[in-house]
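Comments concern the structure below.
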There are 2 protein chains.
Amino acid sequence: MIAEIVAIGSELLTPFRQDTNSLYLTERLNELGIEVAFKDVVGDSRSNLTAVAHIALQRSNVIIFMGGLGPTEDDLTREAVAEALGLRLKRNPDMVAELYKRFAARRVTMPENNMRQADVIAGAEVLPNANGSAPGQFIEGAQDGSPRYIFLLPGPPHELKAMWHDQCHQMLRDRVPRAYIATRELRITSLGESTVDARVAPIYTKYKHIDTTILAKPGEVSLHLKCRAKSMEEAQAAVDQLAAELEDELDDAVYSSNGESLEQIVGYYLQMRSATISVAESCTGGLLAQRLTNVSGSSRYFLGGAVVYSNHLKTLLADVPPLMIEEHGAVSRQVAVALAENFREITGSTIGVGVTGIAGPGGGSEDKPVGLVYIAVADELGTDVVERRFPGDRERIRWWSSQVALDMVRKKLI
Amino acid sequence: MIAEIVAIGSELLTPFRQDTNSLYLTERLNELGIEVAFKDVVGDSRSNLTAVAHIALQRSNVIIFMGGLGPTEDDLTREAVAEALGLRLKRNPDMVAELYKRFAARRVTMPENNMRQADVIAGAEVLPNANGSAPGQFIEGAQDGSPRYIFLLPGPPHELKAMWHDQCHQMLRDRVPRAYIATRELRITSLGESTVDARVAPIYTKYKHIDTTILAKPGEVSLHLKCRAKSMEEAQAAVDQLAAELEDELDDAVYSSNGESLEQIVGYYLQMRSATISVAESCTGGLLAQRLTNVSGSSRYFLGGAVVYSNHLKTLLADVPPLMIEEHGAVSRQVAVALAENFREITGSTIGVGVTGIAGPGGGSEDKPVGLVYIAVADELGTDVVERRFPGDRERIRWWSSQVALDMVRKKLI
């Protein structure tokens, strides 16, 4: 049973816009044991869309068309899929009435074009749209003896997701063989991809029945485990077993054993210890505070932050001695420590963090190049401080700095 | 002349990973007057990949295959494209020698598998890879009398982009009819998509030869103009003319007339006025400071910020009177004004910004629901303050708040 996801819309063929619905749908399809084999993007062209639909109908069992269900002339999904299936469109009188009602309630005359939204492929089931005017459609059939399920869904993510969640998921679950699939995600921030792979490959390659994927992005490596078995217990036990072995090998380099973000994990630990945190940051410019406060409920442990870009503010808000800045420079081990320790004292938090560095592209020197960052984490027992030279551009250097700072906090709390 | 972009790799069919290369390639292809008509994603399956290649070769003139050029058994792009073309692979002895040299330099024995990277489709030109070991390939031919250009490119973005920029773009430019295409992008933050469309549609629909696309994301609407003409001057004059009319209509709601971000524009204005800024933020939790400092050179005008989550810190860092918080609540017009005015005075900046609100999901009440945000902007002439009720989740409320704050600063600086 393989799935194909077709995103429809000329805007998805520009440099400015990208389909993201397919990531959500893939996750939900995988839960049902259905793998996605093809994804396509096609514009609002009747002939191109019909051609793509024709190919998809021949090679896939579950085909999801997204977008092109609106009232405008560019909305051609109904016509193209009907043509590819060799079926006719019929205007549904109940839906026409419903559309008139919608417009009447808004005291607006319905443009003639809108009637097209009531065109239903012969034999299709209509899927009401709780969040918009374009309904979805579902067609059940068979192709060469295999079952075939076709969904026409609206393109806007909140409409599509609600429709899938409320209606389509269960419809599909009722029709496909029951699958038991368990997943785990481990995340690592202090090791590189090749190091992680070298250490864990001997372990995960032993588990042929578990699908292990290593993915890397700047400052983070993640291990995705997936197992299908005859029961949920069996599948879960298998991924848990492998996850435990991987965690043993990687030890505290694994910051998250179930896909949580680093800031969530730091939040958990802080709450568990009834601890609080405050951050005084220069080169990260608020990113560290922003990440910590992006977590719901962070007001329970995050007291506040100081973004001390100018030297004057380093002294004013975080009590860094002007003489220290003069002697060692604003980007120095000493200033990072002073930011962490003094701001912690000022705010009365359990943990204080200080970050100072050169995010670039300007401001670097031979002595202190772009990418040089000092990060300090202070608590009542003392202060850890590291010097790092991060590669990449401004955004990446700032991101890396916040990753390392959060990971140092995590390690202090373990 | 239409293009098709094929992304190859099973990881691109998971919920965790998405092709982004195609956005870059689309932009560069559009510059050459080539529209992308199809995008496909296919996994590391020989038969699926061959089928997709076969279809693409029949319907498109420029076909770009990305990924699957590495040394492992999963890297099947060479074989599949050769099969779809009915051509043979030949092992290139120079490339084999090059690979041996690479490994020898690292004092590593080359695994046998790596030789596959030296397999070249008969008649293909080899494209050296400056940033990795997998070379690209280029095949020129014809299909039904139309020219056909096939590129095999490595998947990692920095390898692909460098190869396109350094080699492929010029190769294609030399082969396709010269196109003159000019673009402009206007951005608007204070109006909704339907309002913008209602106001500008009567204008842009008059310009049949200019392609106008309206895109919206939370807190922002953008208008993309594109015109193809017989000369660059003509194309540029056309989009500039339409852009000027649209700006006249939308007036100062247009914050950017060439695609710059809101924080960049605020930075320009601040520098133009030799002004400085500081921000005291509660619910945005550092996001406002982070956005301002994400701009290179922002240290010239951004003095610093205070992330004042706890009431204690609102008083300590931004001098908000405890009595005011007690009387009006931390989320109030008064506190927003005090944050802006007092923090401006403390830091000595030209402009001070204060933000306080309820980002949720917890912390709301009937009186002060989730989404309620007060934003104040102060300068020597006075303080503007607004009350807003933003829809959506925590992330969206924070984002909206930072958009409105930045736009208020922009309007103060005009």
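Ordering of the structure tokens sets the chain letters (A, B, ...), residue numbers begin anew at 1 in every chain, and ligands are numbered from 1 in the order given.
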**Request:** Would you kindly report the residues of chain B within 6 Å of chain A, using only C-alpha atoms, as an NGL selection string?
**Result:** :B and (15 or 23 or 26-27 or 38-42 or 285-287 or 289-290 or 293 or 303-310)
**Asked** Mind checking DSSP for region 174-343 of chain B and telling me the helix (DSSP H, G or I) residues as a ChimeraX atom specification?
**Response** /B:193-204,232-253,262-272,287-293,298-300,311-318,322-328,333-343
**Request:** Output as a PyMOL selection string all residues of region 140-374 of chain A that backbone DSSP marks as strand (DSSP E or B).
**Result:** chain A and resi 140-143+146-153+180-188+210-217+220-229+254-256+277-281+302-308+351-357+372-374
**Shell of 12 Å around region 238-242 of chain A, only C-alpha atoms, local chain residues under 5 positions omitted, as an MDAnalysis selection string** = chainID A and resid 180:186 200:212 223:233 247:249 257:258
Near Leu152 (chain A), counting only C-alpha atoms, which residues have an atom at most 6 Å away, once you skip same-chain residues fewer than 5 positions from it, shown as a PDB file with C-alpha atoms, in the first residue's frame?
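Wrote result.pdb, looks like this:
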ATOM      1  CA  PHE A  65      -4.639  15.920  -4.035  1.00  0.00           C
ATOM      2  CA  GLY A 136     -13.195  17.914   0.174  1.00  0.00           C
ATOM      3  CA  GLN A 137     -14.028  14.727  -1.720  1.00  0.00           C
TER       4      GLN A 137
END
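Atom to atom, CA of Asn61 (chain B) and CA of Gln170 (chain B) stand 16.6 Å apart.
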**Request:** Considering only C-alpha atoms, return as number ranges by chain whatever protein or nucleic-acid residues lie within 12 Å of region 95-101 of chain B, sequence-local ones (same chain, fewer than 3 positions apart) excluded.
**Result:** B: 71, 90-92, 104-120, 126-129, 132-136
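For the pair CA of Val335 (chain B) and CA of Leu270 (chain B), the separation is 24.9 Å.
Between Lys217 (chain B) and the candidates B:Gly192, B:Pro369, B:Gly382, B:Gly9, the tightest atom-to-atom separation, counting only C-alpha atoms, involves B:Gly192.
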